[in-house]
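Okay, target.pdb is below, PDB, C-alpha atoms:
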ATOM      1  CA  MET S 637     -56.138  27.505 -16.375
ATOM      2  CA  ARG S 638     -53.780  25.451 -14.214
ATOM      3  CA  SER S 639     -50.107  26.332 -14.465
ATOM      4  CA  ALA S 640     -47.998  23.711 -16.094
ATOM      5  CA  GLU S 641     -46.373  21.369 -13.607
ATOM      6  CA  ARG S 642     -42.644  21.767 -13.322
ATOM      7  CA  LYS S 643     -40.609  18.801 -14.428
ATOM      8  CA  PRO S 644     -38.175  17.496 -11.809
ATOM      9  CA  ARG S 645     -34.626  18.665 -12.358
ATOM     10  CA  PRO S 646     -32.551  15.934 -14.005
ATOM     11  CA  LEU S 647     -30.095  14.276 -11.634
ATOM     12  CA  LYS S 648     -26.543  15.435 -12.326
ATOM     13  CA  LEU S 649     -23.294  13.681 -11.474
ATOM     14  CA  ARG S 650     -22.586  16.425  -8.951
ATOM     15  CA  ASP S 651     -25.842  15.670  -7.116
ATOM     16  CA  LEU S 652     -25.190  11.942  -6.980
ATOM     17  CA  ILE S 653     -21.665  12.461  -5.644
ATOM     18  CA  ARG S 654     -22.994  14.743  -2.934
ATOM     19  CA  GLN S 655     -25.460  12.038  -1.921
ATOM     20  CA  SER S 656     -22.659   9.463  -1.758
ATOM     21  CA  VAL S 657     -20.387  11.695   0.298
ATOM     22  CA  ARG S 658     -23.175  12.595   2.718
ATOM     23  CA  ALA S 659     -24.093   8.941   3.235
ATOM     24  CA  LEU S 660     -20.481   7.964   3.967
ATOM     25  CA  ARG S 661     -20.005  10.827   6.408
ATOM     26  CA  GLU S 662     -23.207  10.144   8.284
ATOM     27  CA  ALA S 663     -22.367   6.426   8.553
ATOM     28  CA  GLY S 664     -18.967   7.150  10.118
ATOM     29  CA  VAL S 665     -17.043   4.635   8.023
ATOM     30  CA  SER S 666     -13.251   4.450   8.327
ATOM     31  CA  PHE S 667     -10.916   5.293   5.468
ATOM     32  CA  GLY S 668      -7.259   4.677   4.688
ATOM     33  CA  HIS S 669      -7.378   2.091   1.895
ATOM     34  CA  GLY S 670      -6.672   4.323  -1.065
ATOM     35  CA  THR S 671      -8.642   7.348   0.087
ATOM     36  CA  THR S 672      -8.542   9.235   3.359
ATOM     37  CA  ASN S 673     -11.896  10.997   3.499
ATOM     38  CA  ALA S 674     -15.562  10.707   2.579
ATOM     39  CA  ARG S 675     -15.323  13.066  -0.397
ATOM     40  CA  ASP S 676     -12.602  11.161  -2.230
ATOM     41  CA  GLU S 677     -14.225   7.819  -1.488
ATOM     42  CA  GLY S 678     -17.655   9.062  -2.545
ATOM     43  CA  VAL S 679     -16.228  10.282  -5.842
ATOM     44  CA  TYR S 680     -14.409   7.009  -6.441
ATOM     45  CA  LEU S 681     -17.358   4.742  -5.682
ATOM     46  CA  THR S 682     -19.752   6.841  -7.741
ATOM     47  CA  LEU S 683     -17.523   7.031 -10.809
ATOM     48  CA  HIS S 684     -16.704   3.330 -10.593
ATOM     49  CA  ALA S 685     -20.367   2.366 -10.365
ATOM     50  CA  LEU S 686     -21.201   4.538 -13.384
ATOM     51  CA  GLY S 687     -18.291   3.166 -15.404
ATOM     52  CA  LEU S 688     -16.802   6.634 -15.785
ATOM     53  CA  PRO S 689     -13.061   7.369 -15.936
ATOM     54  CA  LEU S 690     -11.612   8.241 -12.563
ATOM     55  CA  ASP S 691     -10.325  11.555 -13.896
ATOM     56  CA  THR S 692     -13.824  12.673 -14.911
ATOM     57  CA  SER S 693     -14.310  16.361 -14.185
ATOM     58  CA  ASP S 694     -17.636  17.183 -15.867
ATOM     59  CA  TRP S 695     -19.882  17.280 -12.811
ATOM     60  CA  GLU S 696     -22.893  18.395 -14.860
ATOM     61  CA  LEU S 697     -23.264  15.055 -16.633
ATOM     62  CA  PRO S 698     -26.853  13.783 -16.412
ATOM     63  CA  VAL S 699     -27.267  10.447 -14.630
ATOM     64  CA  ALA S 700     -29.998   7.992 -15.554
ATOM     65  CA  ALA S 701     -32.161   6.669 -12.717
ATOM     66  CA  ARG S 702     -30.949   3.087 -13.143
ATOM     67  CA  SER S 703     -27.302   4.174 -13.052
ATOM     68  CA  ALA S 704     -27.926   6.297  -9.980
ATOM     69  CA  GLU S 705     -29.433   3.330  -8.152
ATOM     70  CA  LYS S 706     -26.378   1.272  -9.030
ATOM     71  CA  ALA S 707     -24.109   3.886  -7.445
ATOM     72  CA  ARG S 708     -26.292   4.159  -4.357
ATOM     73  CA  ALA S 709     -26.260   0.382  -3.963
ATOM     74  CA  LEU S 710     -22.454   0.295  -4.037
ATOM     75  CA  VAL S 711     -22.213   3.024  -1.399
ATOM     76  CA  ALA S 712     -24.805   1.189   0.697
ATOM     77  CA  ARG S 713     -22.673  -1.976   0.563
ATOM     78  CA  ARG S 714     -19.628   0.010   1.649
ATOM     79  CA  ILE S 715     -21.554   1.263   4.663
ATOM     80  CA  LYS S 716     -23.282  -1.988   5.605
ATOM     81  CA  GLU S 717     -20.388  -4.415   5.086
ATOM     82  CA  ARG S 718     -17.639  -2.072   6.312
ATOM     83  CA  LYS S 719     -15.254  -3.472   3.723
ATOM     84  CA  PRO S 720     -12.563  -1.348   2.101
ATOM     85  CA  ALA S 721     -13.839   0.001  -1.199
ATOM     86  CA  ALA S 722     -11.156  -1.936  -3.064
ATOM     87  CA  TYR S 723     -12.724  -5.232  -1.997
ATOM     88  CA  LEU S 724     -16.067  -4.118  -3.401
ATOM     89  CA  THR S 725     -14.695  -2.831  -6.715
ATOM     90  CA  ARG S 726     -11.946  -5.491  -7.021
ATOM     91  CA  GLU S 727      -9.344  -2.858  -7.844
ATOM     92  CA  ALA S 728      -6.798  -0.599  -6.185
ATOM     93  CA  TRP S 729      -4.590   2.112  -7.616
ATOM     94  CA  LEU S 730      -1.001   3.161  -6.962
ATOM     95  CA  GLY S 731      -0.525   6.238  -9.114
ATOM     96  CA  ASP S 732      -1.541   5.254 -12.630
ATOM     97  CA  PHE S 733      -1.136   1.534 -11.931
ATOM     98  CA  ARG S 734      -4.285  -0.502 -11.402
ATOM     99  CA  PHE S 735      -4.174  -3.782  -9.480
ATOM    100  CA  TYR S 736      -6.723  -6.514  -8.955
ATOM    101  CA  VAL S 737      -7.426  -7.145  -5.260
ATOM    102  CA  ASP S 738      -9.732  -9.221  -3.122
ATOM    103  CA  GLU S 739      -9.892 -10.334   0.499
ATOM    104  CA  ARG S 740      -6.896 -12.656   0.090
ATOM    105  CA  VAL S 741      -4.488  -9.690   0.149
ATOM    106  CA  ILE S 742      -4.004  -6.416   1.931
ATOM    107  CA  VAL S 743      -5.235  -3.445  -0.085
ATOM    108  CA  PRO S 744      -2.167  -2.011  -1.901
ATOM    109  CA  ARG S 745      -0.860   1.178  -0.308
ATOM    110  CA  SER S 746       2.754   2.057   0.244
ATOM    111  CA  TYR S 747       5.043   5.027   0.639
ATOM    112  CA  ILE S 748       7.614   3.003  -1.285
ATOM    113  CA  ALA S 749       5.420   3.404  -4.369
ATOM    114  CA  GLU S 750       5.983   7.162  -4.127
ATOM    115  CA  LEU S 751       9.753   6.638  -4.049
ATOM    116  CA  LEU S 752       9.686   4.192  -6.954
ATOM    117  CA  ALA S 753       7.889   6.833  -9.018
ATOM    118  CA  ARG S 754      11.271   8.546  -9.099
ATOM    119  CA  ASP S 755      13.283   5.297  -9.189
ATOM    120  CA  LEU S 756      14.493   5.765  -5.607
ATOM    121  CA  ALA S 757      16.663   8.673  -6.714
ATOM    122  CA  PRO S 758      19.019  10.061  -5.569
ATOM    123  CA  TRP S 759      20.151   7.009  -3.604
ATOM    124  CA  ILE S 760      19.813   4.319  -6.254
ATOM    125  CA  ASP S 761      21.501   4.329  -9.660
ATOM    126  CA  ALA S 762      18.768   2.841 -11.838
ATOM    127  CA  ARG S 763      21.302   1.753 -14.456
ATOM    128  CA  ARG S 764      22.941  -0.747 -12.132
ATOM    129  CA  ILE S 765      19.790  -2.503 -10.910
ATOM    130  CA  ARG S 766      19.722  -5.891 -12.629
ATOM    131  CA  SER S 767      18.080  -7.909  -9.863
ATOM    132  CA  ALA S 768      15.489  -6.918  -7.258
ATOM    133  CA  LEU S 769      13.454  -8.606  -4.557
ATOM    134  CA  ASP S 770      10.061  -7.644  -3.139
ATOM    135  CA  LEU S 771       9.588  -9.313   0.252
ATOM    136  CA  CYS S 772       6.010  -9.717   1.532
ATOM    137  CA  THR S 773       4.764  -8.951  -1.966
ATOM    138  CA  GLY S 774       1.040  -9.441  -1.270
ATOM    139  CA  SER S 775      -0.775  -8.460  -4.464
ATOM    140  CA  GLY S 776       2.550  -8.076  -6.289
ATOM    141  CA  CYS S 777       2.133  -4.323  -6.649
ATOM    142  CA  LEU S 778       5.642  -3.289  -5.596
ATOM    143  CA  ALA S 779       7.218  -6.057  -7.655
ATOM    144  CA  ILE S 780       5.392  -4.736 -10.719
ATOM    145  CA  LEU S 781       6.456  -1.168  -9.951
ATOM    146  CA  LEU S 782      10.053  -2.386  -9.568
ATOM    147  CA  ALA S 783       9.892  -4.012 -12.991
ATOM    148  CA  HIS S 784       8.672  -0.756 -14.518
ATOM    149  CA  SER S 785      11.219   1.407 -12.718
ATOM    150  CA  TYR S 786      14.145  -0.859 -13.619
ATOM    151  CA  PRO S 787      13.483  -2.314 -17.080
ATOM    152  CA  ARG S 788      16.769  -4.254 -17.109
ATOM    153  CA  ALA S 789      16.072  -5.994 -13.820
ATOM    154  CA  HIS S 790      14.604  -9.383 -13.033
ATOM    155  CA  VAL S 791      12.366  -9.223  -9.982
ATOM    156  CA  ASP S 792      11.654 -11.934  -7.430
ATOM    157  CA  ALA S 793       8.467 -11.486  -5.398
ATOM    158  CA  ALA S 794       8.155 -13.531  -2.211
ATOM    159  CA  ASP S 795       5.261 -14.093   0.153
ATOM    160  CA  LEU S 796       4.367 -16.745   2.707
ATOM    161  CA  SER S 797       0.693 -16.810   1.712
ATOM    162  CA  PRO S 798      -0.296 -18.978  -1.266
ATOM    163  CA  ASP S 799      -3.542 -16.991  -1.483
ATOM    164  CA  ALA S 800      -1.633 -13.734  -1.825
ATOM    165  CA  LEU S 801       0.612 -15.246  -4.480
ATOM    166  CA  ALA S 802      -2.459 -16.282  -6.476
ATOM    167  CA  VAL S 803      -3.583 -12.650  -6.561
ATOM    168  CA  ALA S 804      -0.056 -11.488  -7.396
ATOM    169  CA  ARG S 805       0.072 -13.974 -10.258
ATOM    170  CA  ARG S 806      -3.063 -12.440 -11.732
ATOM    171  CA  ASN S 807      -1.556  -8.947 -11.569
ATOM    172  CA  VAL S 808       1.766 -10.020 -13.035
ATOM    173  CA  LYS S 809      -0.101 -11.613 -15.924
ATOM    174  CA  ALA S 810      -2.197  -8.479 -16.450
ATOM    175  CA  TYR S 811       0.998  -6.451 -16.901
ATOM    176  CA  ASP S 812       2.576  -9.130 -19.108
ATOM    177  CA  LEU S 813       5.578  -9.425 -16.786
ATOM    178  CA  GLY S 814       5.694 -13.184 -16.423
ATOM    179  CA  SER S 815       9.170 -13.362 -17.966
ATOM    180  CA  ARG S 816      10.592 -10.731 -15.607
ATOM    181  CA  VAL S 817       8.776 -11.245 -12.300
ATOM    182  CA  THR S 818       9.124 -14.579 -10.509
ATOM    183  CA  LEU S 819       6.735 -15.338  -7.667
ATOM    184  CA  GLN S 820       8.006 -17.512  -4.833
ATOM    185  CA  ARG S 821       6.409 -18.826  -1.685
ATOM    186  CA  SER S 822       8.864 -18.027   1.064
ATOM    187  CA  ASP S 823       8.985 -17.089   4.731
ATOM    188  CA  LEU S 824      10.998 -13.935   4.069
ATOM    189  CA  TYR S 825      14.380 -15.123   2.726
ATOM    190  CA  CYS S 826      14.017 -18.817   3.646
ATOM    191  CA  ALA S 827      13.274 -20.223   0.176
ATOM    192  CA  LEU S 828      15.671 -17.870  -1.622
ATOM    193  CA  GLU S 829      18.767 -19.824  -0.558
ATOM    194  CA  THR S 830      21.912 -17.974  -1.683
ATOM    195  CA  GLN S 831      20.269 -15.625  -4.165
ATOM    196  CA  ARG S 832      21.602 -12.048  -4.028
ATOM    197  CA  TYR S 833      20.045  -8.831  -5.304
ATOM    198  CA  ASP S 834      21.015  -5.283  -6.180
ATOM    199  CA  LEU S 835      17.883  -4.031  -4.435
ATOM    200  CA  ILE S 836      15.538  -5.439  -1.804
ATOM    201  CA  VAL S 837      12.302  -3.653  -0.930
ATOM    202  CA  SER S 838       9.717  -4.677   1.613
ATOM    203  CA  ASN S 839       6.456  -3.355   3.006
ATOM    204  CA  PRO S 840       6.073  -6.002   5.727
ATOM    205  CA  PRO S 841       3.478  -6.370   8.485
ATOM    206  CA  TYR S 842       4.384  -3.763  11.113
ATOM    207  CA  VAL S 843       1.256  -3.043  13.179
ATOM    208  CA  THR S 844       1.872  -3.337  16.920
ATOM    209  CA  ALA S 845      -0.116  -5.703  19.117
ATOM    210  CA  ALA S 846      -1.745  -2.731  20.858
ATOM    211  CA  ALA S 847      -2.822  -1.156  17.576
ATOM    212  CA  MET S 848      -4.127  -4.482  16.247
ATOM    213  CA  ARG S 849      -6.604  -4.565  19.129
ATOM    214  CA  GLU S 850      -7.930  -1.121  18.169
ATOM    215  CA  LEU S 851      -8.267  -1.492  14.418
ATOM    216  CA  PRO S 852     -11.448  -0.187  12.770
ATOM    217  CA  VAL S 853     -13.651  -2.811  11.145
ATOM    218  CA  GLU S 854     -12.330  -1.999   7.655
ATOM    219  CA  TYR S 855      -8.777  -2.948   8.639
ATOM    220  CA  ARG S 856      -9.967  -6.141  10.299
ATOM    221  CA  ARG S 857     -11.393  -7.202   6.928
ATOM    222  CA  GLU S 858      -7.816  -7.550   5.674
ATOM    223  CA  PRO S 859      -5.691 -10.668   6.284
ATOM    224  CA  ARG S 860      -4.335 -10.421   9.814
ATOM    225  CA  VAL S 861      -1.039 -11.958   8.754
ATOM    226  CA  ALA S 862      -0.475  -9.011   6.404
ATOM    227  CA  LEU S 863      -0.767  -6.473   9.238
ATOM    228  CA  ALA S 864       0.361  -7.933  12.569
ATOM    229  CA  GLY S 865       4.016  -7.263  13.318
ATOM    230  CA  GLY S 866       4.231  -8.567  16.882
ATOM    231  CA  GLY S 867       4.428  -6.740  20.192
ATOM    232  CA  ASP S 868       6.234  -3.652  18.948
ATOM    233  CA  GLY S 869       5.488  -4.211  15.264
ATOM    234  CA  LEU S 870       9.077  -5.055  14.357
ATOM    235  CA  ASP S 871       9.179  -8.871  14.452
ATOM    236  CA  LEU S 872       9.591  -9.205  10.676
ATOM    237  CA  VAL S 873      11.539  -5.978  10.297
ATOM    238  CA  ARG S 874      14.257  -7.348  12.602
ATOM    239  CA  ARG S 875      14.594 -10.489  10.495
ATOM    240  CA  ILE S 876      14.603  -8.545   7.239
ATOM    241  CA  VAL S 877      17.383  -6.254   8.468
ATOM    242  CA  ARG S 878      19.559  -8.904  10.120
ATOM    243  CA  GLU S 879      19.501 -11.290   7.156
ATOM    244  CA  ALA S 880      19.667  -8.739   4.352
ATOM    245  CA  PRO S 881      23.496  -8.643   3.957
ATOM    246  CA  GLU S 882      23.485 -12.307   2.935
ATOM    247  CA  HIS S 883      21.089 -11.502   0.089
ATOM    248  CA  LEU S 884      22.475  -8.203  -1.178
ATOM    249  CA  GLU S 885      25.130  -7.774  -3.819
ATOM    250  CA  GLN S 886      28.065  -5.464  -3.169
ATOM    251  CA  GLY S 887      26.702  -1.946  -3.514
ATOM    252  CA  GLY S 888      23.150  -3.208  -3.013
ATOM    253  CA  TRP S 889      20.428  -1.440  -1.049
ATOM    254  CA  LEU S 890      17.670  -2.392   1.374
ATOM    255  CA  VAL S 891      14.448  -0.323   1.440
ATOM    256  CA  VAL S 892      11.817  -1.040   4.112
ATOM    257  CA  GLU S 893       8.532   0.609   5.059
ATOM    258  CA  VAL S 894       7.728   0.659   8.771
ATOM    259  CA  GLY S 895       4.821   3.056   9.168
ATOM    260  CA  HIS S 896       5.643   5.858  11.590
ATOM    261  CA  ALA S 897       8.053   3.671  13.566
ATOM    262  CA  ARG S 898      11.346   5.493  13.085
ATOM    263  CA  ALA S 899      11.967   5.876  16.815
ATOM    264  CA  ARG S 900      11.348   2.183  17.492
ATOM    265  CA  VAL S 901      13.539   1.075  14.583
ATOM    266  CA  GLU S 902      16.402   3.303  15.689
ATOM    267  CA  ARG S 903      16.140   1.965  19.245
ATOM    268  CA  ALA S 904      16.245  -1.596  17.918
ATOM    269  CA  PHE S 905      19.285  -0.889  15.722
ATOM    270  CA  PRO S 906      21.135   2.045  17.314
ATOM    271  CA  ARG S 907      24.315   1.492  15.296
ATOM    272  CA  LEU S 908      22.743   1.329  11.862
ATOM    273  CA  PRO S 909      22.981   4.580   9.836
ATOM    274  CA  PHE S 910      19.530   4.432   8.255
ATOM    275  CA  ILE S 911      18.574   7.015   5.651
ATOM    276  CA  TRP S 912      14.974   8.102   6.203
ATOM    277  CA  ALA S 913      13.281   9.102   2.958
ATOM    278  CA  ASP S 914      10.999  12.108   2.868
ATOM    279  CA  THR S 915       7.535  10.900   1.826
ATOM    280  CA  SER S 916       4.065  12.407   1.933
ATOM    281  CA  GLY S 917       3.673  10.699   5.300
ATOM    282  CA  GLY S 918       6.794  12.293   6.751
ATOM    283  CA  ASP S 919      10.394  11.210   7.273
ATOM    284  CA  ASP S 920       9.662   8.375   9.674
ATOM    285  CA  CYS S 921       8.039   5.808   7.378
ATOM    286  CA  VAL S 922      10.643   4.366   4.970
ATOM    287  CA  PHE S 923      14.329   3.721   5.567
ATOM    288  CA  LEU S 924      17.110   2.916   3.124
ATOM    289  CA  ILE S 925      20.527   1.483   3.899
ATOM    290  CA  SER S 926      23.384   0.176   1.754
ATOM    291  CA  ARG S 927      24.720  -3.332   2.158
ATOM    292  CA  GLU S 928      28.089  -2.045   3.304
ATOM    293  CA  ALA S 929      26.631   0.229   5.989
ATOM    294  CA  LEU S 930      24.271  -2.531   7.049
ATOM    295  CA  ALA S 931      26.959  -5.193   7.383
ATOM    296  CA  GLN S 932      29.321  -2.886   9.262
ATOM    297  CA  GLY S 933      26.630  -1.659  11.633
ATOM    298  CA  LEU S 934      25.372  -5.157  12.406
ATOM    299  CA  ALA S 935      28.921  -6.324  13.128
ATOM    300  CA  GLN S 936      29.472  -3.440  15.532
ATOM    301  CA  SER S 937      26.184  -4.043  17.308
ATOM    302  CA  ALA S 938      26.583  -7.829  17.650
ATOM    303  CA  PRO S 939      26.870  -7.725  21.476
ATOM    304  CA  ALA S 940      23.548  -5.889  21.645
ATOM    305  CA  THR S 941      21.705  -8.330  19.385
ATOM    306  CA  ALA S 942      19.755  -9.923  22.217
ATOM    307  CA  ALA S 943      18.472  -6.551  23.357
ATOM    308  CA  ALA S 944      17.541  -5.567  19.833
ATOM    309  CA  LEU S 945      15.512  -8.742  19.451
ATOM    310  CA  SER S 946      13.384  -8.090  22.529
ATOM    311  CA  PRO S 947      10.058  -6.505  21.524
ATOM    312  CA  ARG S 948       8.930  -3.602  23.666
ATOM    313  CA  ARG S 949       5.279  -3.491  24.557
ATOM    314  CA  GLN S 950       3.908  -0.069  23.881
ATOM    315  CA  LYS S 951       0.809   1.654  22.613
ATOM    316  CA  ALA S 952       1.018   2.834  19.019
ATOM    317  CA  PRO S 953      -1.220   4.712  16.603
ATOM    318  CA  LEU S 954      -3.364   2.957  14.053
ATOM    319  CA  PRO S 955      -1.414   1.457  11.140
ATOM    320  CA  ALA S 956       0.163   3.945   8.793
ATOM    321  CA  ARG S 957       0.071   1.616   5.821
ATOM    322  CA  ALA S 958      -2.523   3.993   4.414
ATOM    323  CA  SER S 959      -0.513   6.993   3.473
ATOM    324  CA  GLY S 960      -2.366  10.142   4.466
ATOM    325  CA  ALA S 961      -2.201  12.678   1.654
ATOM    326  CA  ALA S 962      -0.330  10.183  -0.487
ATOM    327  CA  ALA S 963      -3.382   7.922  -0.585
ATOM    328  CA  ALA S 964      -5.439  10.758  -1.975
ATOM    329  CA  ARG S 965      -2.883  11.570  -4.643
ATOM    330  CA  ARG S 966      -2.285   7.980  -5.694
ATOM    331  CA  HIS S 967      -6.021   7.351  -5.972
ATOM    332  CA  ARG S 968      -7.116   9.031  -9.166
ATOM    333  CA  SER S 969     -10.544   9.740  -7.687
ATOM    334  CA  ALA S 970      -8.872  12.407  -5.592
ATOM    335  CA  ARG S 971      -7.840  14.261  -8.723
ATOM    336  CA  ALA S 972     -11.414  14.042  -9.978
ATOM    337  CA  SER S 973     -12.715  15.574  -6.768
ATOM    338  CA  GLY S 974     -10.191  18.353  -6.706
ATOM    339  CA  GLY S 975      -8.389  16.784  -3.761
ATOM    340  CA  SER S 976      -4.744  16.668  -3.107
ATOM    341  CA  ARG S 977      -1.954   8.982  -0.559
TER     342      ARG S 977
END
For the file at hand, write its structure as structure tokens.
Amino acid sequence: MRSAERKPRPLKLRDLIRQSVRALREAGVSFGHGTTNARDEGVYLTLHALGLPLDTSDWELPVAARSAEKARALVARRIKERKPAAYLTREAWLGDFRFYVDERVIVPRSYIAELLARDLAPWIDARRIRSALDLCTGSGCLAILLAHSYPRAHVDAADLSPDALAVARRNVKAYDLGSRVTLQRSDLYCALETQRYDLIVSNPPYVTAAAMRELPVEYRREPRVALAGGGDGLDLVRRIVREAPEHLEQGGWLVVEVGHARARVERAFPRLPFIWADTSGGDDCVFLISREALAQGLAQSAPATAAALSPRRQKAPLPARASGAAAARRHRSARASGGSR
């Protein structure tokens, strides 16, 4: 008598995730748009394709053949098209906040989001923030986080790109913040006239010309205007800093993300007493400065303005807009995989 044939072992979620991770690793895709490694991205893509919560932890769940093929197809697209996962899933996460994204905007990622999770304490008194501005708002993610951190504040969100503002409008509507967040098309402060704010935040384009030439394919899928910051990456940062005093209330603060460009920023503005916040990416990514310190420092450095405006050509690392360990923490798939932005 022939022995009974063994039935194939049912496919488990753990098995499917392993397949996804292996495929991503072998393909050599680049990360940095919400996740920083193949494991976290494999978990995210698999759970998204299966319609499972991103904090799923039951790896023994059985997976139907049709569902498994759906997950494999999504991973295959990620490999073939070399697009950031967020463009394939039409979503990106900053902490517990979900945002709609597509190719019209840069994929949301910011060290400032980490700081807003604690309301920019200890530097900012949340009780006194009644007006805030998000320059280079892109998808509107930081503007929405500002509105949640400072419930008494009205937030203006400015961007030069009408396409980006269309995406931001969708996100503002999703969070029902239309009465508190105003979207404006503006080249930095140009369309804001004499408006002043208690707080200005910005995550502007700051990738150097040298780094732009070396970007992996995934980064080149994003709008160039949202990344390129000129020769030394500080073209927009200089404008934001120089013009900020005219748009800050007394006691107001400016908060700007610059990647890992602390040394370049301090060379450009040697007399400005920047405070460098400690983030998961280090203490060289985000600076804060009060209006009073900013105005005084700019006045003292007026004779050196021409030198400060001259970009320095230099080689720089790939853009730090994707925040190392912070990306993994902000992306809830990392929690599901047992990982650490």
Problem set entry | Evaluate the PyMOL selection byres ((chain S and resi 742-754) around 6) and report residues as number ranges by chain | S: 741, 755-757, 858, 958
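Of the residues listed (S:Glu696, S:Glu928, S:Asp812, S:Asp651), S:Asp651 shows the shortest atom-to-atom separation from Arg708 in chain S; distances use only C-alpha atoms.
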For this session: Could you expand the PyMOL selection byres ((chain S and resi 888-898) around 9) into the explicit residues it covers here, written as an NGL selection string?
Result: :S and (746-748 or 759-760 or 765 or 833-843 or 869-870 or 873 or 876-877 or 880-881 or 884-887 or 899-903 or 912 or 917-928 or 930 or 952-953 or 955-959)
Exercise. Written as an MDAnalysis selection string, which residues does the PyMOL selection byres ((chain S and resi 674-687) around 7) give for the file shown?
Worked result: chainID S and resid 653 656:657 660:661 671 673 688:690 703 706:707 710:711 969:970 973
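The spacing separating CA of Arg806 in chain S from CA of Tyr736 in chain S amounts to 7.5 Å.
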Listed atoms of range 657-667 of chain S boxed axis-aligned with 6 Å per side, centre + edges as AutoDock Vina command-line options:
--center_x -17.5 --center_y 8.5 --center_z 5.2 --size_x 25.2 --size_y 20.1 --size_z 21.8
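Here CA of Ala789 in chain S stands at a distance of 23.0 Å from CA of Trp729 in chain S.
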Exercise. How many Å lie between CA of Cys777 in chain S and CA of Ala804 in chain S, rounded to one decimal?
Worked result: 7.5 Å
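Closest to Gly776 in chain S among S:Val808, S:Leu828, S:Ala709, S:Ala929 is S:Val808, based on all atoms listed in the file.
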For this session: Identify the residues within 8 Å of coordinate (2.2, -13.9, -2.1) (same frame as the file), considering only C-alpha atoms, and give the answer as a ChimeraX atom specification.
Result: /S:772-776,793-804,819-821
Seminar exercise, completed: Using only C-alpha atoms, the residue out of S:Asp691, S:Thr725, S:Tyr786, S:Arg816 with shortest distance to Arg763 in chain S is S:Tyr786
